[in-house]
$ cat upload.cif   # mmCIF, C-alpha atoms
data_target
#
loop_
_atom_site.label_atom_id
_atom_site.label_comp_id
_atom_site.auth_asym_id
_atom_site.auth_seq_id
_atom_site.Cartn_x
_atom_site.Cartn_y
_atom_site.Cartn_z
CA MET A 148 -35.23 8.27 -19.94
CA LYS A 149 -34.20 5.81 -17.27
CA LYS A 150 -37.17 3.63 -18.11
CA ASN A 151 -36.12 3.42 -21.74
CA GLU A 152 -32.58 2.49 -20.69
CA GLU A 153 -33.87 -0.24 -18.41
CA GLN A 154 -35.94 -1.78 -21.14
CA ALA A 155 -33.19 -1.70 -23.80
CA ARG A 156 -32.58 -5.13 -25.34
CA SER A 157 -29.92 -6.47 -27.68
CA LEU A 158 -29.05 -9.91 -29.05
CA PHE A 159 -25.36 -10.61 -29.69
CA GLY A 160 -24.70 -6.97 -30.47
CA ILE A 161 -27.88 -6.49 -32.55
CA SER A 162 -30.04 -3.78 -30.98
CA LEU A 163 -33.67 -4.82 -30.58
CA THR A 164 -35.03 -1.80 -28.72
CA ASN A 165 -35.73 0.60 -31.56
CA ARG A 166 -36.91 -1.99 -34.09
CA PRO A 167 -40.53 -2.79 -35.03
CA LYS A 168 -42.06 -5.74 -33.19
CA TRP A 169 -41.98 -7.98 -36.25
CA GLN A 170 -38.24 -7.41 -36.68
CA GLN A 171 -37.62 -8.17 -33.01
CA PHE A 172 -39.63 -11.36 -33.35
CA LEU A 173 -37.87 -12.42 -36.56
CA ILE A 174 -34.35 -11.84 -35.19
CA CYS A 175 -35.01 -13.64 -31.90
CA SER A 176 -36.86 -16.53 -33.58
CA SER A 177 -34.10 -16.97 -36.17
CA GLY A 178 -31.45 -17.26 -33.46
CA PHE A 179 -33.63 -19.71 -31.57
CA PHE A 180 -34.38 -21.88 -34.62
CA PHE A 181 -30.72 -21.96 -35.64
CA GLY A 182 -29.44 -22.94 -32.19
CA TYR A 183 -32.01 -25.59 -31.40
CA LEU A 184 -32.13 -27.24 -34.81
CA ILE A 185 -28.43 -28.01 -34.38
CA ASN A 186 -29.11 -29.05 -30.78
CA GLY A 187 -31.78 -31.50 -31.95
CA ILE A 188 -29.54 -33.15 -34.53
CA CYS A 189 -26.69 -33.49 -32.00
CA GLU A 190 -28.97 -34.99 -29.36
CA GLU A 191 -30.40 -37.49 -31.81
CA TYR A 192 -26.86 -38.54 -32.78
CA VAL A 193 -25.54 -38.86 -29.21
CA TYR A 194 -28.54 -40.59 -27.65
CA ASN A 195 -29.89 -42.80 -30.42
CA ARG A 196 -26.85 -43.43 -32.60
CA LEU A 197 -24.14 -43.65 -29.93
CA GLN A 198 -26.54 -44.99 -27.24
CA PHE A 199 -25.22 -42.55 -24.61
CA SER A 200 -28.07 -41.67 -22.26
CA TYR A 201 -26.44 -39.54 -19.56
CA GLY A 202 -28.77 -36.54 -19.34
CA TRP A 203 -27.62 -35.16 -15.99
CA TYR A 204 -23.92 -35.46 -16.86
CA PHE A 205 -24.31 -33.93 -20.31
CA THR A 206 -26.25 -31.00 -18.82
CA PHE A 207 -23.45 -30.59 -16.26
CA VAL A 208 -20.73 -30.48 -18.94
CA GLN A 209 -22.68 -28.07 -21.12
CA GLY A 210 -23.20 -25.73 -18.16
CA PHE A 211 -19.45 -25.07 -18.08
CA VAL A 212 -19.47 -24.37 -21.82
CA TYR A 213 -22.24 -21.81 -21.21
CA LEU A 214 -20.16 -20.09 -18.50
CA ALA A 215 -17.13 -19.89 -20.82
CA LEU A 216 -19.24 -18.39 -23.62
CA ILE A 217 -20.86 -15.88 -21.25
CA TYR A 218 -17.46 -14.65 -20.08
CA MET A 219 -16.32 -14.42 -23.71
CA ASN A 220 -19.32 -12.11 -24.27
CA GLY A 221 -17.92 -9.77 -21.61
CA PHE A 222 -20.36 -10.43 -18.77
CA THR A 223 -19.10 -10.09 -15.17
CA THR A 224 -20.83 -10.29 -11.80
CA LYS A 225 -20.42 -6.50 -11.45
CA GLN A 226 -23.13 -6.10 -14.09
CA MET A 227 -25.72 -8.00 -12.02
CA VAL A 228 -28.85 -6.08 -10.99
CA ASN A 229 -30.61 -8.87 -9.04
CA PRO A 230 -29.48 -10.65 -5.84
CA TRP A 231 -28.32 -14.26 -6.16
CA ASN A 232 -31.32 -15.64 -4.23
CA THR A 233 -33.58 -14.44 -7.06
CA TYR A 234 -32.23 -17.28 -9.17
CA VAL A 235 -32.41 -20.22 -6.72
CA LYS A 236 -35.94 -21.31 -7.62
CA LEU A 237 -35.32 -20.57 -11.31
CA SER A 238 -32.10 -22.61 -11.33
CA ALA A 239 -33.75 -25.61 -9.68
CA VAL A 240 -36.48 -25.88 -12.32
CA LEU A 241 -34.04 -25.07 -15.16
CA MET A 242 -31.55 -27.82 -14.27
CA GLY A 243 -34.31 -30.28 -13.44
CA SER A 244 -35.96 -29.61 -16.80
CA HIS A 245 -32.70 -30.01 -18.74
CA GLY A 246 -31.67 -33.17 -16.90
CA LEU A 247 -35.04 -34.90 -17.18
CA THR A 248 -35.43 -33.88 -20.82
CA LYS A 249 -32.05 -35.25 -21.84
CA GLY A 250 -32.38 -38.35 -19.64
CA SER A 251 -35.79 -39.22 -21.10
CA LEU A 252 -34.13 -39.87 -24.46
CA ALA A 253 -32.92 -43.21 -23.06
CA TRP A 254 -36.56 -44.39 -23.06
CA LEU A 255 -38.22 -42.19 -25.70
CA ASN A 256 -37.03 -41.67 -29.23
CA TYR A 257 -36.36 -38.04 -30.07
CA PRO A 258 -39.58 -37.24 -32.01
CA ALA A 259 -41.76 -38.63 -29.18
CA GLN A 260 -39.80 -36.63 -26.62
CA ILE A 261 -40.03 -33.31 -28.45
CA MET A 262 -43.74 -33.78 -29.06
CA PHE A 263 -44.31 -34.31 -25.35
CA LYS A 264 -42.28 -31.20 -24.62
CA SER A 265 -44.34 -29.25 -27.14
CA THR A 266 -47.39 -29.58 -24.91
CA LYS A 267 -45.76 -27.25 -22.39
CA VAL A 268 -47.62 -24.25 -23.84
CA LEU A 269 -50.79 -25.25 -21.96
CA PRO A 270 -49.22 -25.64 -18.47
CA VAL A 271 -47.20 -22.47 -19.10
CA MET A 272 -50.43 -20.54 -19.78
CA ILE A 273 -52.16 -22.01 -16.72
CA MET A 274 -49.20 -21.42 -14.41
CA GLY A 275 -48.91 -17.81 -15.61
CA ALA A 276 -52.11 -17.03 -13.70
CA PHE A 277 -50.46 -17.94 -10.38
CA ILE A 278 -46.92 -16.55 -10.67
CA PRO A 279 -46.46 -13.36 -8.57
CA GLY A 280 -45.62 -10.43 -10.81
CA LEU A 281 -47.53 -11.81 -13.81
CA ARG A 282 -51.08 -13.00 -13.03
CA ARG A 283 -51.65 -13.56 -16.75
CA LYS A 284 -55.13 -14.10 -18.18
CA TYR A 285 -55.51 -15.42 -21.73
CA PRO A 286 -58.55 -15.20 -24.04
CA PRO A 287 -60.42 -18.44 -25.00
CA ARG A 288 -58.84 -18.40 -28.48
CA GLU A 289 -55.40 -18.90 -26.91
CA TYR A 290 -56.59 -21.96 -24.99
CA VAL A 291 -58.21 -23.41 -28.14
CA SER A 292 -54.86 -23.04 -29.87
CA ALA A 293 -53.07 -24.78 -26.99
CA ILE A 294 -55.61 -27.65 -26.89
CA LEU A 295 -55.19 -28.25 -30.63
CA LEU A 296 -51.47 -28.54 -30.02
CA VAL A 297 -51.91 -30.98 -27.14
CA VAL A 298 -54.33 -33.22 -29.08
CA GLY A 299 -52.01 -33.22 -32.09
CA LEU A 300 -49.07 -34.20 -29.91
CA ILE A 301 -50.98 -37.01 -28.22
CA LEU A 302 -51.98 -38.42 -31.61
CA PHE A 303 -48.41 -38.29 -32.76
CA THR A 304 -47.11 -39.94 -29.59
CA LEU A 305 -49.59 -42.82 -29.89
CA ALA A 306 -48.55 -43.36 -33.50
CA ASP A 307 -44.90 -43.21 -32.51
CA ALA A 308 -45.42 -45.86 -29.81
CA GLN A 309 -46.69 -48.23 -32.52
CA THR A 310 -43.75 -47.72 -34.87
CA SER A 311 -40.82 -47.21 -32.50
CA PRO A 312 -39.48 -49.71 -29.93
CA ASN A 313 -37.78 -46.94 -27.96
CA PHE A 314 -40.81 -45.94 -25.91
CA SER A 315 -41.61 -46.73 -22.24
CA ILE A 316 -43.55 -45.50 -19.21
CA ILE A 317 -40.30 -44.40 -17.50
CA GLY A 318 -39.62 -41.99 -20.34
CA VAL A 319 -43.18 -40.64 -20.11
CA VAL A 320 -42.78 -40.03 -16.34
CA MET A 321 -39.45 -38.24 -16.85
CA ILE A 322 -40.68 -36.01 -19.66
CA SER A 323 -43.86 -35.23 -17.68
CA GLY A 324 -41.68 -34.06 -14.78
CA ALA A 325 -39.76 -31.86 -17.22
CA LEU A 326 -43.08 -30.37 -18.41
CA VAL A 327 -44.10 -29.44 -14.87
CA MET A 328 -40.77 -27.67 -14.38
CA ASP A 329 -41.09 -25.94 -17.76
CA SER A 330 -44.47 -24.54 -16.70
CA PHE A 331 -42.68 -22.69 -13.90
CA LEU A 332 -39.50 -21.88 -15.84
CA GLY A 333 -40.79 -19.52 -18.56
CA ASN A 334 -43.12 -17.72 -16.19
CA LEU A 335 -40.43 -17.21 -13.53
CA GLN A 336 -38.10 -15.81 -16.20
CA GLU A 337 -40.80 -13.46 -17.46
CA ALA A 338 -41.58 -12.35 -13.90
CA ILE A 339 -37.93 -11.42 -13.30
CA PHE A 340 -37.76 -9.46 -16.58
CA THR A 341 -41.07 -7.74 -15.75
CA MET A 342 -40.20 -6.69 -12.21
CA SER A 343 -36.56 -5.89 -12.96
CA PRO A 344 -36.37 -4.65 -16.58
CA GLU A 345 -32.63 -3.91 -16.26
CA THR A 346 -31.96 -7.67 -16.13
CA THR A 347 -30.01 -8.83 -19.19
CA GLN A 348 -30.25 -12.20 -20.90
CA MET A 349 -26.60 -12.90 -20.04
CA GLU A 350 -27.19 -12.24 -16.34
CA MET A 351 -30.15 -14.59 -16.20
CA LEU A 352 -28.33 -17.39 -18.04
CA PHE A 353 -25.13 -16.89 -16.02
CA CYS A 354 -26.76 -16.82 -12.60
CA SER A 355 -29.18 -19.68 -13.23
CA THR A 356 -26.27 -21.81 -14.53
CA VAL A 357 -23.92 -21.02 -11.62
CA VAL A 358 -26.61 -21.65 -9.02
CA GLY A 359 -27.97 -24.70 -10.88
CA LEU A 360 -24.76 -26.65 -11.60
CA PRO A 361 -24.26 -27.87 -7.98
CA MET A 362 -27.89 -29.07 -7.99
CA LEU A 363 -26.98 -31.61 -10.69
CA ILE A 364 -24.38 -33.37 -8.54
CA PRO A 365 -26.74 -35.22 -6.11
CA PRO A 366 -28.82 -36.94 -8.84
CA MET A 367 -25.63 -37.90 -10.69
CA LEU A 368 -24.18 -39.47 -7.53
CA LEU A 369 -27.40 -41.16 -6.38
CA THR A 370 -27.99 -42.81 -9.77
CA GLY A 371 -24.30 -43.61 -10.36
CA GLU A 372 -24.50 -41.73 -13.65
CA LEU A 373 -21.44 -39.60 -12.91
CA PHE A 374 -19.06 -42.58 -12.88
CA ARG A 375 -20.72 -44.44 -15.75
CA ALA A 376 -20.75 -41.33 -17.94
CA TRP A 377 -17.14 -40.49 -17.08
CA THR A 378 -16.01 -44.01 -18.02
CA SER A 379 -17.99 -44.10 -21.27
CA CYS A 380 -16.90 -40.64 -22.40
CA SER A 381 -13.27 -41.39 -21.52
CA GLN A 382 -13.42 -44.35 -23.89
CA HIS A 383 -15.00 -42.16 -26.59
CA PRO A 384 -13.50 -38.67 -26.05
CA TYR A 385 -14.95 -37.35 -29.32
CA VAL A 386 -18.32 -37.24 -27.51
CA TYR A 387 -17.04 -34.18 -25.65
CA GLY A 388 -16.47 -32.48 -28.99
CA VAL A 389 -20.10 -33.15 -29.95
CA LEU A 390 -21.27 -31.86 -26.55
CA VAL A 391 -19.24 -28.64 -26.83
CA PHE A 392 -20.52 -28.02 -30.36
CA GLU A 393 -24.11 -28.69 -29.21
CA ALA A 394 -23.68 -26.40 -26.20
CA MET A 395 -22.39 -23.56 -28.40
CA ALA A 396 -25.42 -23.84 -30.67
CA THR A 397 -27.79 -24.19 -27.70
CA PHE A 398 -26.25 -21.09 -26.11
CA ILE A 399 -27.37 -19.04 -29.12
CA GLY A 400 -30.84 -20.59 -28.81
CA GLN A 401 -31.03 -19.97 -25.05
CA VAL A 402 -30.13 -16.29 -25.28
CA SER A 403 -32.63 -15.89 -28.14
CA VAL A 404 -35.35 -17.57 -26.04
CA LEU A 405 -34.67 -15.23 -23.13
CA SER A 406 -34.96 -12.30 -25.55
CA LEU A 407 -38.34 -13.61 -26.75
CA ILE A 408 -39.56 -14.01 -23.16
CA ALA A 409 -38.45 -10.50 -22.23
CA LEU A 410 -40.11 -8.94 -25.28
CA PHE A 411 -43.17 -11.14 -25.95
CA GLY A 412 -43.85 -13.21 -22.83
CA ALA A 413 -43.63 -16.88 -21.82
CA ALA A 414 -46.76 -18.15 -23.64
CA THR A 415 -45.82 -16.68 -27.04
CA THR A 416 -42.31 -18.06 -26.60
CA ALA A 417 -43.77 -21.51 -25.85
CA MET A 418 -45.65 -21.36 -29.15
CA VAL A 419 -42.43 -20.50 -30.99
CA THR A 420 -40.63 -23.42 -29.36
CA THR A 421 -43.49 -25.68 -30.46
CA ALA A 422 -43.03 -24.60 -34.06
CA ARG A 423 -39.32 -25.34 -33.77
CA LYS A 424 -40.01 -28.80 -32.38
CA ALA A 425 -42.28 -29.60 -35.35
CA VAL A 426 -39.49 -28.61 -37.76
CA THR A 427 -36.95 -30.64 -35.76
CA LEU A 428 -39.32 -33.60 -35.82
CA LEU A 429 -39.59 -33.59 -39.60
CA LEU A 430 -35.82 -33.30 -39.93
CA SER A 431 -35.40 -36.26 -37.57
CA TYR A 432 -37.61 -38.43 -39.76
CA LEU A 433 -35.92 -37.28 -42.96
CA LEU A 434 -32.33 -37.61 -41.75
CA PHE A 435 -32.69 -40.83 -39.75
CA THR A 436 -35.24 -42.59 -42.03
CA LYS A 437 -38.00 -43.38 -39.55
CA PRO A 438 -41.48 -44.50 -40.64
CA LEU A 439 -44.07 -41.69 -40.92
CA THR A 440 -47.70 -42.91 -40.75
CA GLU A 441 -51.05 -41.24 -41.44
CA GLN A 442 -51.56 -40.79 -37.72
CA HIS A 443 -48.29 -38.89 -37.51
CA ALA A 444 -49.51 -36.65 -40.35
CA THR A 445 -52.85 -36.04 -38.58
CA GLY A 446 -51.05 -35.02 -35.40
CA LEU A 447 -48.81 -32.63 -37.30
CA LEU A 448 -51.85 -31.15 -39.06
CA LEU A 449 -53.52 -30.39 -35.71
CA ILE A 450 -50.30 -28.81 -34.47
CA THR A 451 -50.25 -26.58 -37.54
CA MET A 452 -53.88 -25.61 -36.91
CA GLY A 453 -53.06 -24.74 -33.32
CA ILE A 454 -50.20 -22.49 -34.36
CA THR A 455 -52.38 -20.86 -37.02
CA VAL A 456 -55.13 -20.08 -34.49
CA LYS A 457 -52.51 -18.52 -32.22
CA LEU A 458 -51.23 -16.30 -35.03
CA LEU A 459 -54.69 -15.04 -36.04
CA PRO A 460 -55.20 -11.36 -35.15
CA ASP A 461 -57.77 -10.38 -32.52
CA SER A 462 -61.21 -9.84 -34.05
CA LYS A 463 -61.97 -6.85 -31.84
CA PRO A 464 -59.83 -4.28 -30.06
CA PRO A 465 -59.21 -4.79 -26.33
CA LYS A 466 -61.53 -3.00 -23.95
CA LYS A 467 -60.10 -0.62 -21.41
CA GLY A 468 -61.40 -2.62 -18.50
CA SER A 469 -60.08 -5.95 -19.80
CA VAL A 470 -56.38 -5.17 -19.44
CA PRO A 471 -54.88 -7.04 -16.45
CA ALA A 472 -53.99 -4.96 -13.41
CA PRO A 473 -50.25 -5.84 -13.20
CA ALA A 474 -49.57 -3.90 -16.42
CA PRO A 475 -51.17 -0.48 -15.88
CA SER A 476 -48.55 1.30 -17.98
CA THR A 477 -49.89 -0.38 -21.13
CA GLN A 478 -53.39 1.09 -20.83
CA LEU A 479 -54.41 3.35 -23.68
CA GLY A 480 -56.60 5.47 -21.42
CA GLN A 481 -54.98 8.26 -19.43
CA PRO A 482 -56.09 8.34 -15.77
CA ALA A 483 -54.88 10.99 -13.37
CA ALA A 484 -51.08 10.88 -13.13
CA GLY A 485 -50.94 10.74 -9.31
CA GLU A 486 -53.53 7.96 -9.22
CA GLU A 487 -51.71 5.82 -11.78
CA THR A 488 -48.28 6.27 -10.17
CA SER A 489 -49.60 5.49 -6.71
CA GLN A 490 -51.46 2.35 -7.79
CA GLN A 491 -48.56 1.09 -9.90
CA LYS A 492 -46.16 1.51 -6.97
CA ILE A 493 -48.45 -0.45 -4.64
CA GLU A 494 -48.84 -3.25 -7.20
CA GLU A 495 -45.10 -3.45 -7.86
CA ASP A 496 -44.30 -3.63 -4.13
CA GLU A 497 -46.95 -6.27 -3.64
CA GLU A 498 -45.70 -8.40 -6.56
CA LYS A 499 -42.01 -8.19 -5.79
CA THR A 500 -42.22 -9.48 -2.24
CA PRO A 501 -43.33 -13.11 -2.77
CA LEU A 502 -41.10 -13.85 -5.78
CA VAL A 503 -37.81 -13.83 -3.87
#

$ encode --input "upload.cif" --output "structure tokens"
Amino acid sequence: MKKNEEQARSLFGISLTNRPKWQQFLICSSGFFFGYLINGICEEYVYNRLQFSYGWYFTFVQGFVYLALIYMNGFTTKQMVNPWNTYVKLSAVLMGSHGLTKGSLAWLNYPAQIMFKSTKVLPVMIMGAFIPGLRRKYPPREYVSAILLVVGLILFTLADAQTSPNFSIIGVVMISGALVMDSFLGNLQEAIFTMSPETTQMEMLFCSTVVGLPMLIPPMLLTGELFRAWTSCSQHPYVYGVLVFEAMATFIGQVSVLSLIALFGAATTAMVTTARKAVTLLLSYLLFTKPLTEQHATGLLLITMGITVKLLPDSKPPKKGSVPAPAPSTQLGQPAAGEETSQQKIEEDEEKTPLV
């Protein structure tokens, strides 16, 4: 009974626990698509139309919007189930990823940036094998799917470099740094949900934001971005309105992503985010009238193939011996109860120690 309570999930008042998997997936994906499609349009407007490229500062401002929305949803620190130090490493990679992603838009146009970010599914899968508490192993089909995505994204990026002047090596370095952090981010979040199932999406977003906001101050001061951004935004105060609106939409997307990670894992969530980026890309070209070449189309075709391979059902049922050790409760076989409980306890103790 306690186990079922611990694993209960809801999304903005919609219960997910007792629903079929496909309904859970549809609800979480819909919230994610809605939030991040609006986020993409707002970012394109602020960075490319208004020429405001203050990624660290914008992330800082939006963090306070997140905190206000979390409190409006009724979350308090009394509801926390994990110690604060659980979120230090997670917050560092989260804020670094957000800041580098937003800052890279000064050197990359939005479609090139989101296509780079779409490649994160491969590093996420690889890193999942090394994160304590997960130790994920994926079948070859999953890696084929990821490679198709990566090749498609590279083709698109090369085509974009030929047709867009807003492309430079600095942007590539920044977005590559964001990818490295993303490879840790999803897996760390999944590890926390796995080892502490009582953790809610609101707790994870609240704690990682509170711990992460002070980490944004040093890069803003060292680069002088804090003062430049403050001056620019003071001259154009309506930018804050756009940022608040974007943060509200992104908040819905973030909570939906955390729900996907908790229910389906980091790698599946990365595939969903890739599909969203492809949709955002097409909207960017349609709304902002950018040239779309045959090479762009080829890249998008490979991305579609990669997603299709991922969605194909397994050709044969899993063998009993092939299920990874960290998830003994999912085995279909029924070993002796004492044996299973004892081994599971040892594995959980072993996994929990190095994470925090």

$ resolve_selection --input "upload.cif" --expression "the PyMOL selection byres ((chain A and resi 173-188) around 7)" --output "list in words"
Trp169, Gln170, Gln171, Phe172, Cys189, Glu190, Glu191, Tyr192, Glu393, Ala396, Thr397, Ile399, Gly400, Ser403, Val404, Ser406, Leu407, Arg423 and Thr427 of chain A

$ write_last_selection --input "upload.cif" --atoms "C-alpha atoms" --output "compact mmCIF listing (two decimals), keeping the file's coordinate frame"
# COMPACT_ATOMS: atom_id res chain seq x y z
CA TRP A 169 -41.98 -7.98 -36.25
CA GLN A 170 -38.24 -7.41 -36.68
CA GLN A 171 -37.62 -8.17 -33.01
CA PHE A 172 -39.63 -11.36 -33.35
CA CYS A 189 -26.69 -33.49 -32.00
CA GLU A 190 -28.97 -34.99 -29.36
CA GLU A 191 -30.40 -37.49 -31.81
CA TYR A 192 -26.86 -38.54 -32.78
CA GLU A 393 -24.11 -28.69 -29.21
CA ALA A 396 -25.42 -23.84 -30.67
CA THR A 397 -27.79 -24.19 -27.70
CA ILE A 399 -27.37 -19.04 -29.12
CA GLY A 400 -30.84 -20.59 -28.81
CA SER A 403 -32.63 -15.89 -28.14
CA VAL A 404 -35.35 -17.57 -26.04
CA SER A 406 -34.96 -12.30 -25.55
CA LEU A 407 -38.34 -13.61 -26.75
CA ARG A 423 -39.32 -25.34 -33.77
CA THR A 427 -36.95 -30.64 -35.76

$ closest_residue --input "upload.cif" --among "A:Leu410, A:Asn229, A:Ile364, A:Pro384" --to "Pro167 of chain A" --atoms "only C-alpha atoms"
A:Leu410

$ atom_distance --input "upload.cif" --atom1 "atom CA of Arg156 of chain A" --atom2 "atom CA of Glu345 of chain A"
9.2 Å

$ residues_around --input "upload.cif" --residues "segment 386-390 of chain A" --least-positions-apart "4" --cutoff "8 Å" --atoms "all atoms listed in the file" --output "PDB file with C-alpha atoms, keeping the file's coordinate frame"
ATOM      1  CA  CYS A 189     -26.690 -33.490 -32.000  1.00  0.00           C
ATOM      2  CA  VAL A 193     -25.540 -38.860 -29.210  1.00  0.00           C
ATOM      3  CA  PHE A 205     -24.310 -33.930 -20.310  1.00  0.00           C
ATOM      4  CA  VAL A 208     -20.730 -30.480 -18.940  1.00  0.00           C
ATOM      5  CA  GLN A 209     -22.680 -28.070 -21.120  1.00  0.00           C
ATOM      6  CA  CYS A 380     -16.900 -40.640 -22.400  1.00  0.00           C
ATOM      7  CA  ALA A 394     -23.680 -26.400 -26.200  1.00  0.00           C
TER       8      ALA A 394
END

$ closest_residue --input "upload.cif" --among "A:Ser251, A:Asn165, A:Thr224, A:Thr451" --to "Leu326 of chain A" --atoms "only C-alpha atoms"
A:Ser251

$ closest_residue --input "upload.cif" --among "A:Gly412, A:Pro270, A:Gly275, A:Gly333" --to "Ile294 of chain A" --atoms "all atoms listed in the file"
A:Pro270
